[in-house]
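Content type mmCIF, C-alpha atoms (C1' of nucleotides), from the file upload03.cif:
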data_query
loop_
_atom_site.group_PDB
_atom_site.id
_atom_site.type_symbol
_atom_site.label_atom_id
_atom_site.label_comp_id
_atom_site.auth_asym_id
_atom_site.auth_seq_id
_atom_site.Cartn_x
_atom_site.Cartn_y
_atom_site.Cartn_z
ATOM 1 C CA MET A 167 -5.540 -0.949 -7.052
ATOM 2 C CA VAL A 168 -2.028 -1.526 -5.821
ATOM 3 C CA GLU A 169 -2.197 0.655 -2.693
ATOM 4 C CA ASN A 170 1.492 0.700 -1.905
ATOM 5 C CA ARG A 171 3.149 2.204 1.114
ATOM 6 C CA LEU A 172 3.885 5.661 -0.316
ATOM 7 C CA ASP A 173 0.247 6.026 -1.339
ATOM 8 C CA VAL A 174 -1.087 5.692 2.172
ATOM 9 C CA THR A 175 1.718 7.719 3.693
ATOM 10 C CA PHE A 176 1.264 10.693 1.382
ATOM 11 C CA ARG A 177 -2.497 10.414 1.662
ATOM 12 C CA ALA A 178 -2.238 10.507 5.463
ATOM 13 C CA LEU A 179 0.004 13.571 5.262
ATOM 14 C CA ALA A 180 -2.311 15.404 2.856
ATOM 15 C CA ASP A 181 -4.548 16.623 5.680
ATOM 16 C CA PRO A 182 -3.612 19.505 8.014
ATOM 17 C CA THR A 183 -5.481 17.945 10.925
ATOM 18 C CA ARG A 184 -3.392 14.812 10.702
ATOM 19 C CA ARG A 185 -0.164 16.742 10.252
ATOM 20 C CA GLY A 186 -1.108 18.689 13.364
ATOM 21 C CA MET A 187 -1.677 15.466 15.247
ATOM 22 C CA LEU A 188 1.735 14.230 14.227
ATOM 23 C CA ALA A 189 3.339 17.474 15.347
ATOM 24 C CA ASN A 190 1.579 17.046 18.655
ATOM 25 C CA LEU A 191 2.787 13.497 18.974
ATOM 26 C CA ALA A 192 6.310 14.692 18.399
ATOM 27 C CA LEU A 193 6.065 16.359 21.803
ATOM 28 C CA GLY A 194 5.206 13.075 23.471
ATOM 29 C CA ASP A 195 2.626 10.316 23.545
ATOM 30 C CA LYS A 196 -0.996 11.429 23.572
ATOM 31 C CA SER A 197 -4.422 9.901 23.974
ATOM 32 C CA VAL A 198 -6.915 10.021 21.107
ATOM 33 C CA GLY A 199 -8.868 12.702 22.971
ATOM 34 C CA GLU A 200 -5.804 14.855 23.468
ATOM 35 C CA LEU A 201 -4.932 14.537 19.790
ATOM 36 C CA GLY A 202 -8.373 15.661 18.696
ATOM 37 C CA GLU A 203 -8.854 18.440 21.201
ATOM 38 C CA PRO A 204 -6.957 21.223 19.332
ATOM 39 C CA PHE A 205 -9.298 20.749 16.344
ATOM 40 C CA ARG A 206 -12.885 21.462 17.310
ATOM 41 C CA MET A 207 -14.151 18.049 16.405
ATOM 42 C CA THR A 208 -16.035 15.124 17.907
ATOM 43 C CA PHE A 209 -14.349 12.140 19.463
ATOM 44 C CA ALA A 210 -15.432 9.948 16.582
ATOM 45 C CA GLY A 211 -13.898 12.351 14.092
ATOM 46 C CA ALA A 212 -10.579 12.367 15.871
ATOM 47 C CA SER A 213 -10.741 8.592 16.157
ATOM 48 C CA LYS A 214 -11.055 8.302 12.387
ATOM 49 C CA HIS A 215 -8.043 10.507 11.768
ATOM 50 C CA VAL A 216 -6.009 8.491 14.228
ATOM 51 C CA LYS A 217 -7.026 5.323 12.439
ATOM 52 C CA VAL A 218 -5.805 6.748 9.141
ATOM 53 C CA LEU A 219 -2.466 7.546 10.764
ATOM 54 C CA GLU A 220 -2.379 4.085 12.290
ATOM 55 C CA THR A 221 -3.042 2.215 9.062
ATOM 56 C CA ALA A 222 -0.342 4.358 7.479
ATOM 57 C CA GLY A 223 2.001 3.032 10.161
ATOM 58 C CA LEU A 224 2.572 6.521 11.519
ATOM 59 C CA VAL A 225 1.174 5.922 15.000
ATOM 60 C CA GLU A 226 0.961 2.942 17.266
ATOM 61 C CA ARG A 227 -1.709 2.557 19.940
ATOM 62 C CA ARG A 228 -1.709 0.838 23.257
ATOM 63 C CA LYS A 229 -4.488 0.628 25.804
ATOM 64 C CA ALA A 230 -3.882 2.287 29.134
ATOM 65 C CA GLY A 231 -6.997 1.999 31.287
ATOM 66 C CA ARG A 232 -9.843 3.529 29.339
ATOM 67 C CA LYS A 233 -7.478 5.626 27.234
ATOM 68 C CA GLN A 234 -5.796 4.792 23.985
ATOM 69 C CA ILE A 235 -2.253 6.098 24.055
ATOM 70 C CA CYS A 236 -0.682 6.930 20.690
ATOM 71 C CA THR A 237 3.009 6.930 19.906
ATOM 72 C CA LEU A 238 4.677 8.416 16.856
ATOM 73 C CA ARG A 239 6.148 5.851 14.483
ATOM 74 C CA PRO A 240 8.245 7.923 12.090
ATOM 75 C CA GLU A 241 9.532 5.193 9.760
ATOM 76 C CA PRO A 242 7.023 5.926 6.973
ATOM 77 C CA LEU A 243 8.022 9.579 7.106
ATOM 78 C CA ARG A 244 11.545 8.478 6.469
ATOM 79 C CA GLU A 245 10.501 6.429 3.451
ATOM 80 C CA ALA A 246 8.581 9.392 2.090
ATOM 81 C CA GLU A 247 11.563 11.635 2.525
ATOM 82 C CA ASP A 248 13.821 9.094 0.857
ATOM 83 C CA TRP A 249 11.506 9.143 -2.126
ATOM 84 C CA LEU A 250 11.455 12.934 -2.248
ATOM 85 C CA ARG A 251 15.216 13.099 -2.034
ATOM 86 C CA GLN A 252 15.381 11.505 -5.486
ATOM 87 C CA TRP A 253 14.521 14.915 -6.868
ATOM 88 C CA GLU A 254 17.080 16.829 -4.886
ATOM 89 C CA LYS A 255 19.372 17.301 -7.853
ATOM 90 C CA PHE A 256 16.485 18.678 -9.875
ATOM 91 C CA TRP A 257 15.503 21.481 -7.627
ATOM 92 C CA SER A 258 19.032 22.430 -6.706
ATOM 93 C CA VAL A 259 19.773 22.881 -10.391
ATOM 94 C CA HIS A 260 16.606 24.905 -10.863
ATOM 95 C CA LEU A 261 17.243 27.132 -7.887
ATOM 96 C CA ASP A 262 20.797 27.767 -8.950
ATOM 97 C CA GLY A 263 19.406 29.125 -12.178
ATOM 98 C CA LEU A 264 21.149 26.481 -14.220
ATOM 99 C CA GLN A 265 18.111 25.611 -16.310
ATOM 100 C CA ALA A 266 20.205 26.001 -19.421
ATOM 101 C CA LEU A 267 22.393 23.152 -18.256
ATOM 102 C CA VAL A 268 19.418 20.842 -17.952
ATOM 103 C CA ASP A 269 18.210 21.851 -21.391
ATOM 104 C CA ALA A 270 21.612 21.121 -22.889
ATOM 105 C CA GLU A 271 21.678 17.693 -21.322
ATOM 106 C CA ARG A 272 18.237 16.948 -22.621
ATOM 107 C CA ASP A 273 19.129 18.095 -26.125
ATOM 108 C CA GLU A 274 21.957 15.579 -26.195
ATOM 109 C CA HIS A 275 19.458 12.797 -25.687
ATOM 110 C CA GLU A 276 17.179 13.818 -28.526
ATOM 111 C CA MET B 58 -11.150 24.709 4.237
ATOM 112 C CA VAL B 59 -7.699 26.185 4.317
ATOM 113 C CA GLU B 60 -6.194 24.188 1.429
ATOM 114 C CA ASN B 61 -2.600 25.100 1.992
ATOM 115 C CA ARG B 62 0.325 24.211 -0.202
ATOM 116 C CA LEU B 63 1.405 21.029 1.571
ATOM 117 C CA ASP B 64 -2.135 19.657 1.304
ATOM 118 C CA VAL B 65 -2.226 19.770 -2.467
ATOM 119 C CA THR B 66 1.358 18.647 -2.845
ATOM 120 C CA PHE B 67 0.954 15.567 -0.677
ATOM 121 C CA ARG B 68 -2.376 14.753 -2.250
ATOM 122 C CA ALA B 69 -0.854 14.996 -5.716
ATOM 123 C CA LEU B 70 1.912 12.628 -4.630
ATOM 124 C CA ALA B 71 -0.514 10.138 -3.069
ATOM 125 C CA ASP B 72 -1.235 8.513 -6.414
ATOM 126 C CA PRO B 73 1.148 6.090 -8.141
ATOM 127 C CA THR B 74 0.047 7.233 -11.600
ATOM 128 C CA ARG B 75 1.039 10.794 -10.806
ATOM 129 C CA ARG B 76 4.306 9.762 -9.197
ATOM 130 C CA GLY B 77 5.017 7.789 -12.345
ATOM 131 C CA MET B 78 4.308 10.822 -14.469
ATOM 132 C CA LEU B 79 6.718 12.874 -12.408
ATOM 133 C CA ALA B 80 9.408 10.220 -12.737
ATOM 134 C CA ASN B 81 8.839 10.302 -16.470
ATOM 135 C CA LEU B 82 9.100 14.074 -16.534
ATOM 136 C CA ALA B 83 12.406 13.828 -14.734
ATOM 137 C CA LEU B 84 13.804 12.323 -17.937
ATOM 138 C CA GLY B 85 12.731 15.328 -19.962
ATOM 139 C CA ASP B 86 9.692 17.286 -21.035
ATOM 140 C CA LYS B 87 6.723 15.259 -22.253
ATOM 141 C CA SER B 88 3.367 15.877 -23.867
ATOM 142 C CA VAL B 89 0.183 14.973 -22.022
ATOM 143 C CA GLY B 90 -0.265 11.975 -24.303
ATOM 144 C CA GLU B 91 3.231 10.704 -23.638
ATOM 145 C CA LEU B 92 2.692 11.062 -19.922
ATOM 146 C CA GLY B 93 -0.506 9.033 -19.991
ATOM 147 C CA GLU B 94 0.646 6.331 -22.376
ATOM 148 C CA PRO B 95 2.427 4.056 -19.819
ATOM 149 C CA PHE B 96 -0.800 3.762 -17.820
ATOM 150 C CA ARG B 97 -3.613 2.075 -19.750
ATOM 151 C CA MET B 98 -5.958 5.015 -19.549
ATOM 152 C CA THR B 99 -7.891 7.377 -21.780
ATOM 153 C CA PHE B 100 -6.560 10.711 -22.884
ATOM 154 C CA ALA B 101 -9.062 12.516 -20.740
ATOM 155 C CA GLY B 102 -7.967 10.540 -17.700
ATOM 156 C CA ALA B 103 -4.328 11.450 -18.224
ATOM 157 C CA SER B 104 -5.331 15.051 -18.775
ATOM 158 C CA LYS B 105 -7.015 15.122 -15.375
ATOM 159 C CA HIS B 106 -3.944 13.750 -13.631
ATOM 160 C CA VAL B 107 -1.780 16.319 -15.329
ATOM 161 C CA LYS B 108 -4.147 19.023 -14.183
ATOM 162 C CA VAL B 109 -3.801 17.845 -10.587
ATOM 163 C CA LEU B 110 -0.028 18.038 -10.919
ATOM 164 C CA GLU B 111 -0.342 21.450 -12.504
ATOM 165 C CA THR B 112 -2.533 22.942 -9.788
ATOM 166 C CA ALA B 113 -0.078 21.518 -7.265
ATOM 167 C CA GLY B 114 2.594 23.547 -9.053
ATOM 168 C CA LEU B 115 4.509 20.397 -9.961
ATOM 169 C CA VAL B 116 4.290 20.760 -13.718
ATOM 170 C CA GLU B 117 4.115 23.687 -16.069
ATOM 171 C CA ARG B 118 2.536 23.487 -19.520
ATOM 172 C CA ARG B 119 3.226 25.286 -22.738
ATOM 173 C CA LYS B 120 1.569 24.886 -26.098
ATOM 174 C CA ALA B 121 3.685 23.587 -28.934
ATOM 175 C CA GLY B 122 1.583 23.169 -32.026
ATOM 176 C CA ARG B 123 -1.334 20.966 -31.074
ATOM 177 C CA LYS B 124 0.589 19.380 -28.203
ATOM 178 C CA GLN B 125 0.810 20.464 -24.614
ATOM 179 C CA ILE B 126 4.364 20.104 -23.409
ATOM 180 C CA CYS B 127 4.844 19.562 -19.658
ATOM 181 C CA THR B 128 7.897 20.502 -17.658
ATOM 182 C CA LEU B 129 8.756 19.389 -14.146
ATOM 183 C CA ARG B 130 8.580 22.137 -11.535
ATOM 184 C CA PRO B 131 10.194 20.597 -8.462
ATOM 185 C CA GLU B 132 9.809 23.450 -5.964
ATOM 186 C CA PRO B 133 6.785 21.943 -4.181
ATOM 187 C CA LEU B 134 8.701 18.705 -3.788
ATOM 188 C CA ARG B 135 11.355 20.672 -2.010
ATOM 189 C CA GLU B 136 8.834 22.213 0.356
ATOM 190 C CA ALA B 137 7.432 18.780 1.106
ATOM 191 C CA GLU B 138 10.871 17.434 1.806
ATOM 192 C CA ASP B 139 11.649 20.404 4.032
ATOM 193 C CA TRP B 140 8.553 19.594 6.037
ATOM 194 C CA LEU B 141 9.493 15.924 6.321
ATOM 195 C CA ARG B 142 13.003 16.788 7.423
ATOM 196 C CA GLN B 143 11.540 18.233 10.617
ATOM 197 C CA TRP B 144 11.188 14.639 11.813
ATOM 198 C CA GLU B 145 14.678 13.591 10.910
ATOM 199 C CA LYS B 146 15.855 13.665 14.505
ATOM 200 C CA PHE B 147 12.928 11.475 15.499
ATOM 201 C CA TRP B 148 13.546 8.595 13.232
ATOM 202 C CA SER B 149 17.286 8.702 13.680
ATOM 203 C CA VAL B 150 16.751 8.439 17.423
ATOM 204 C CA HIS B 151 14.267 5.628 16.968
ATOM 205 C CA LEU B 152 16.478 3.700 14.619
ATOM 206 C CA ASP B 153 19.447 4.125 16.916
ATOM 207 C CA GLY B 154 17.370 2.468 19.613
ATOM 208 C CA LEU B 155 17.628 5.511 21.849
ATOM 209 C CA GLN B 156 13.947 5.619 22.722
ATOM 210 C CA ALA B 157 14.892 5.836 26.381
ATOM 211 C CA LEU B 158 16.575 9.148 25.690
ATOM 212 C CA VAL B 159 13.397 10.590 24.232
ATOM 213 C CA ASP B 160 11.400 9.329 27.189
ATOM 214 C CA ALA B 161 13.818 10.933 29.605
ATOM 215 C CA GLU B 162 13.572 14.266 27.827
ATOM 216 C CA ARG B 163 9.801 14.128 27.911
ATOM 217 C CA ASP B 164 9.751 13.253 31.595
ATOM 218 C CA GLU B 165 11.703 16.422 32.348
ATOM 219 C CA HIS B 166 8.889 18.472 30.816
ATOM 220 C CA GLU B 167 6.129 16.897 32.860
ATOM 221 C "C1'" DA C 247 -11.643 20.105 -48.126
ATOM 222 C "C1'" DT C 248 -11.257 16.014 -45.459
ATOM 223 C "C1'" DG C 249 -9.329 13.438 -42.284
ATOM 224 C "C1'" DT C 250 -6.217 12.413 -38.372
ATOM 225 C "C1'" DT C 251 -3.934 13.706 -34.083
ATOM 226 C "C1'" DG C 252 -3.685 15.830 -29.527
ATOM 227 C "C1'" DT C 253 -6.282 17.625 -26.235
ATOM 228 C "C1'" DT C 254 -9.890 19.676 -23.413
ATOM 229 C "C1'" DC C 255 -14.573 19.790 -21.533
ATOM 230 C "C1'" DA C 256 -18.984 18.328 -19.587
ATOM 231 C "C1'" DA C 257 -21.524 14.680 -17.829
ATOM 232 C "C1'" DC C 258 -21.734 10.744 -15.407
ATOM 233 C "C1'" DC C 259 -20.566 6.737 -12.113
ATOM 234 C "C1'" DA C 260 -18.831 4.165 -8.137
ATOM 235 C "C1'" DA C 261 -15.975 4.633 -4.403
ATOM 236 C "C1'" DG C 262 -13.756 7.220 -0.802
ATOM 237 C "C1'" DC C 263 -13.252 11.104 2.548
ATOM 238 C "C1'" DG C 264 -14.199 14.339 6.382
ATOM 239 C "C1'" DG C 265 -17.430 15.116 9.357
ATOM 240 C "C1'" DT C 266 -21.579 14.399 12.170
ATOM 241 C "C1'" DT C 267 -24.975 11.851 15.261
ATOM 242 C "C1'" DG C 268 -26.543 8.077 18.162
ATOM 243 C "C1'" DA C 269 -25.864 3.754 20.345
ATOM 244 C "C1'" DC C 270 -22.848 1.018 22.780
ATOM 245 C "C1'" DA C 271 -18.876 -0.651 25.855
ATOM 246 C "C1'" DA C 272 -15.253 -0.313 29.049
ATOM 247 C "C1'" DT C 273 -13.068 2.052 32.835
ATOM 248 C "C1'" DC C 274 -12.505 5.105 36.533
ATOM 249 C "C1'" DG C 275 -14.150 8.107 40.667
ATOM 250 C "C1'" DG C 276 -17.478 8.840 43.936
ATOM 251 C "C1'" DC D 261 -23.909 0.955 42.883
ATOM 252 C "C1'" DC D 262 -24.125 5.534 39.833
ATOM 253 C "C1'" DG D 263 -22.358 8.734 36.762
ATOM 254 C "C1'" DA D 264 -18.856 10.774 34.159
ATOM 255 C "C1'" DT D 265 -14.747 9.816 30.869
ATOM 256 C "C1'" DT D 266 -12.779 7.848 26.927
ATOM 257 C "C1'" DG D 267 -13.360 5.859 23.494
ATOM 258 C "C1'" DT D 268 -15.402 2.540 19.232
ATOM 259 C "C1'" DC D 269 -18.748 1.343 15.625
ATOM 260 C "C1'" DA D 270 -22.352 1.875 12.179
ATOM 261 C "C1'" DA D 271 -25.045 4.823 9.565
ATOM 262 C "C1'" DC D 272 -25.569 8.793 7.192
ATOM 263 C "C1'" DC D 273 -24.474 13.385 4.508
ATOM 264 C "C1'" DG D 274 -22.254 16.235 1.069
ATOM 265 C "C1'" DC D 275 -18.141 16.680 -1.521
ATOM 266 C "C1'" DT D 276 -14.146 14.950 -3.945
ATOM 267 C "C1'" DT D 277 -11.635 11.496 -6.744
ATOM 268 C "C1'" DG D 278 -10.345 8.432 -10.389
ATOM 269 C "C1'" DG D 279 -12.111 6.828 -14.160
ATOM 270 C "C1'" DT D 280 -15.107 6.517 -18.256
ATOM 271 C "C1'" DT D 281 -17.681 8.181 -22.591
ATOM 272 C "C1'" DG D 282 -18.885 11.377 -26.151
ATOM 273 C "C1'" DA D 283 -18.709 15.810 -28.092
ATOM 274 C "C1'" DA D 284 -16.030 19.575 -29.493
ATOM 275 C "C1'" DC D 285 -11.953 22.120 -31.186
ATOM 276 C "C1'" DA D 286 -7.382 23.528 -32.967
ATOM 277 C "C1'" DA D 287 -3.535 22.135 -35.661
ATOM 278 C "C1'" DC D 288 -1.237 19.362 -38.827
ATOM 279 C "C1'" DA D 289 -1.316 15.940 -43.196
ATOM 280 C "C1'" DT D 290 -3.125 14.693 -47.528
#

This entry written out as structure tokens:
Amino acid sequence: MVENRLDVTFRALADPTRRGMLANLALGDKSVGELGEPFRMTFAGASKHVKVLETAGLVERRKAGRKQICTLRPEPLREAEDWLRQWEKFWSVHLDGLQALVDAERDEHE
Amino acid sequence: MVENRLDVTFRALADPTRRGMLANLALGDKSVGELGEPFRMTFAGASKHVKVLETAGLVERRKAGRKQICTLRPEPLREAEDWLRQWEKFWSVHLDGLQALVDAERDEHE
DNA sequence: ATGTTGTTCAACCAAGCGGTTGACAATCGG
DNA sequence: CCGATTGTCAACCGCTTGGTTGAACAACAT
């Protein structure tokens, strides 16, 4: 499989635990333990989630004594948002109730 | 599990086949067969992907003769983008190289 | 009536995921 | 030194995923 960047980013974001961890990281760097603590879950479980975020390029780790300090790396979020913005014109048209306009445009192409 | 809206949306987007189908739908309504055709894959396989998109609220189907015509429903994409935009200030700060500013702000809270 | 097209459904398979436990290692505080 | 903290890794479990095949069915074509 191709496994491109958007795949792993969206996959990482498709879990509420991981989105919660990211939100937590937005408030400042955290250790793996601190990231897992809000979600009743073992250390190993939290560690796995952090690894998913790390391989998605969303967090970076550095050792500090016996702790592993995680930092938010938001670049992949930006790429994901860039991709989503492609559809901006679509939903704005829909929400403005201008479906008929889209239909007309499509009919021209058929 | 909670299975909220963002979960299913991001998971639906985490597959290049489904993103391709969406891109195709952006050009106009398509039948299930037309959506699957670009990806060497059986009918049943394409049908499953379409179902994932449908349960994510990203496509709507209507019967037209023996075909199933799919329409893009972009609202969930908008919600996903809204969620991603929360981090806009983070990556702009990072890209501007103003990490020190973030650190300073965090230090005030500690 | 027969066949072809478009599609779903059920069953299956291999791989992956979210989570646990248990063993291990490194680091810090007495 | 000892013991508690903070992790990692490997193995396992049950469930989901992406994909297939084969059967079925409805709708059109002949």

Can you list, as a PDB file with C-alpha atoms (C1' of nucleotides), keeping the file's coordinate frame, the residues that the PyMOL selection byres ((chain C) within 12 of (chain A)) selects here?
ATOM      1  C1'  DG C 262     -13.756   7.220  -0.802  1.00  0.00           C
ATOM      2  C1'  DC C 263     -13.252  11.104   2.548  1.00  0.00           C
ATOM      3  C1'  DG C 264     -14.199  14.339   6.382  1.00  0.00           C
ATOM      4  C1'  DG C 265     -17.430  15.116   9.357  1.00  0.00           C
ATOM      5  C1'  DT C 266     -21.579  14.399  12.170  1.00  0.00           C
ATOM      6  C1'  DT C 267     -24.975  11.851  15.261  1.00  0.00           C
ATOM      7  C1'  DG C 268     -26.543   8.077  18.162  1.00  0.00           C
ATOM      8  C1'  DA C 271     -18.876  -0.651  25.855  1.00  0.00           C
ATOM      9  C1'  DA C 272     -15.253  -0.313  29.049  1.00  0.00           C
ATOM     10  C1'  DT C 273     -13.068   2.052  32.835  1.00  0.00           C
ATOM     11  C1'  DC C 274     -12.505   5.105  36.533  1.00  0.00           C
TER      12       DC C 274
END

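If you look at CA of Thr66 in chain B and CA of Gly199 in chain A, they are 28.4 Å away from each other.
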
Shell around range 281-288 of chain D at 9 Å using all atoms listed in the file, local window under 6 positions removed, as an NGL selection string: (:B and (122-124)) or (:C and (250-258))

Between CA of Asp86 in chain B and C1' of DT277 in chain D - distance in Å to one decimal: 26.3 Å

Local residues around (-6.6, 18.9, 18.3), at most 12 Å away, using only C-alpha atoms (C1' of nucleotides), as a list in words: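 The requested residues, written out, are Pro182, Thr183, Arg184, Arg185, Gly186, Met187, Leu188, Ala189, Asn190, Leu191, Lys196, Ser197, Val198, Gly199, Glu200, Leu201, Gly202, Glu203, Pro204, Phe205, Arg206, Met207, Thr208, Phe209, Gly211, Ala212, Ser213, His215 and Val216 of chain A.
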
Please produce an output containing C-alpha atoms for each residue in the selection, written as an mmCIF file, in the frame of the given file.
data_model
loop_
_atom_site.group_PDB
_atom_site.id
_atom_site.type_symbol
_atom_site.label_atom_id
_atom_site.label_comp_id
_atom_site.auth_asym_id
_atom_site.auth_seq_id
_atom_site.Cartn_x
_atom_site.Cartn_y
_atom_site.Cartn_z
ATOM 1 C CA PRO A 182 -3.612 19.505 8.014
ATOM 2 C CA THR A 183 -5.481 17.945 10.925
ATOM 3 C CA ARG A 184 -3.392 14.812 10.702
ATOM 4 C CA ARG A 185 -0.164 16.742 10.252
ATOM 5 C CA GLY A 186 -1.108 18.689 13.364
ATOM 6 C CA MET A 187 -1.677 15.466 15.247
ATOM 7 C CA LEU A 188 1.735 14.230 14.227
ATOM 8 C CA ALA A 189 3.339 17.474 15.347
ATOM 9 C CA ASN A 190 1.579 17.046 18.655
ATOM 10 C CA LEU A 191 2.787 13.497 18.974
ATOM 11 C CA LYS A 196 -0.996 11.429 23.572
ATOM 12 C CA SER A 197 -4.422 9.901 23.974
ATOM 13 C CA VAL A 198 -6.915 10.021 21.107
ATOM 14 C CA GLY A 199 -8.868 12.702 22.971
ATOM 15 C CA GLU A 200 -5.804 14.855 23.468
ATOM 16 C CA LEU A 201 -4.932 14.537 19.790
ATOM 17 C CA GLY A 202 -8.373 15.661 18.696
ATOM 18 C CA GLU A 203 -8.854 18.440 21.201
ATOM 19 C CA PRO A 204 -6.957 21.223 19.332
ATOM 20 C CA PHE A 205 -9.298 20.749 16.344
ATOM 21 C CA ARG A 206 -12.885 21.462 17.310
ATOM 22 C CA MET A 207 -14.151 18.049 16.405
ATOM 23 C CA THR A 208 -16.035 15.124 17.907
ATOM 24 C CA PHE A 209 -14.349 12.140 19.463
ATOM 25 C CA GLY A 211 -13.898 12.351 14.092
ATOM 26 C CA ALA A 212 -10.579 12.367 15.871
ATOM 27 C CA SER A 213 -10.741 8.592 16.157
ATOM 28 C CA HIS A 215 -8.043 10.507 11.768
ATOM 29 C CA VAL A 216 -6.009 8.491 14.228
#

Given the PyMOL selection byres ((chain C and resi 275) around 12), the residues it picks as a PyMOL selection string: (chain C and resi 273-274+276) or (chain D and resi 262-265)

Contact residues around Glu226 in chain A with only C-alpha atoms (C1' of nucleotides) at 8 Å, ignoring same-chain residues under 5 positions, as an NGL selection string: :A and (220 or 236-239)

Contact residues (chain D, partner chain A, 9 Å, only C-alpha atoms (C1' of nucleotides)) as a PyMOL selection string: chain D and resi 265-268

Point-to-point distance in Å for CA of Asp173 in chain A and CA of Gly85 in chain B: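 Atom-to-atom, CA of Gly85 in chain B to CA of Asp173 in chain A, that is 24.3 Å.
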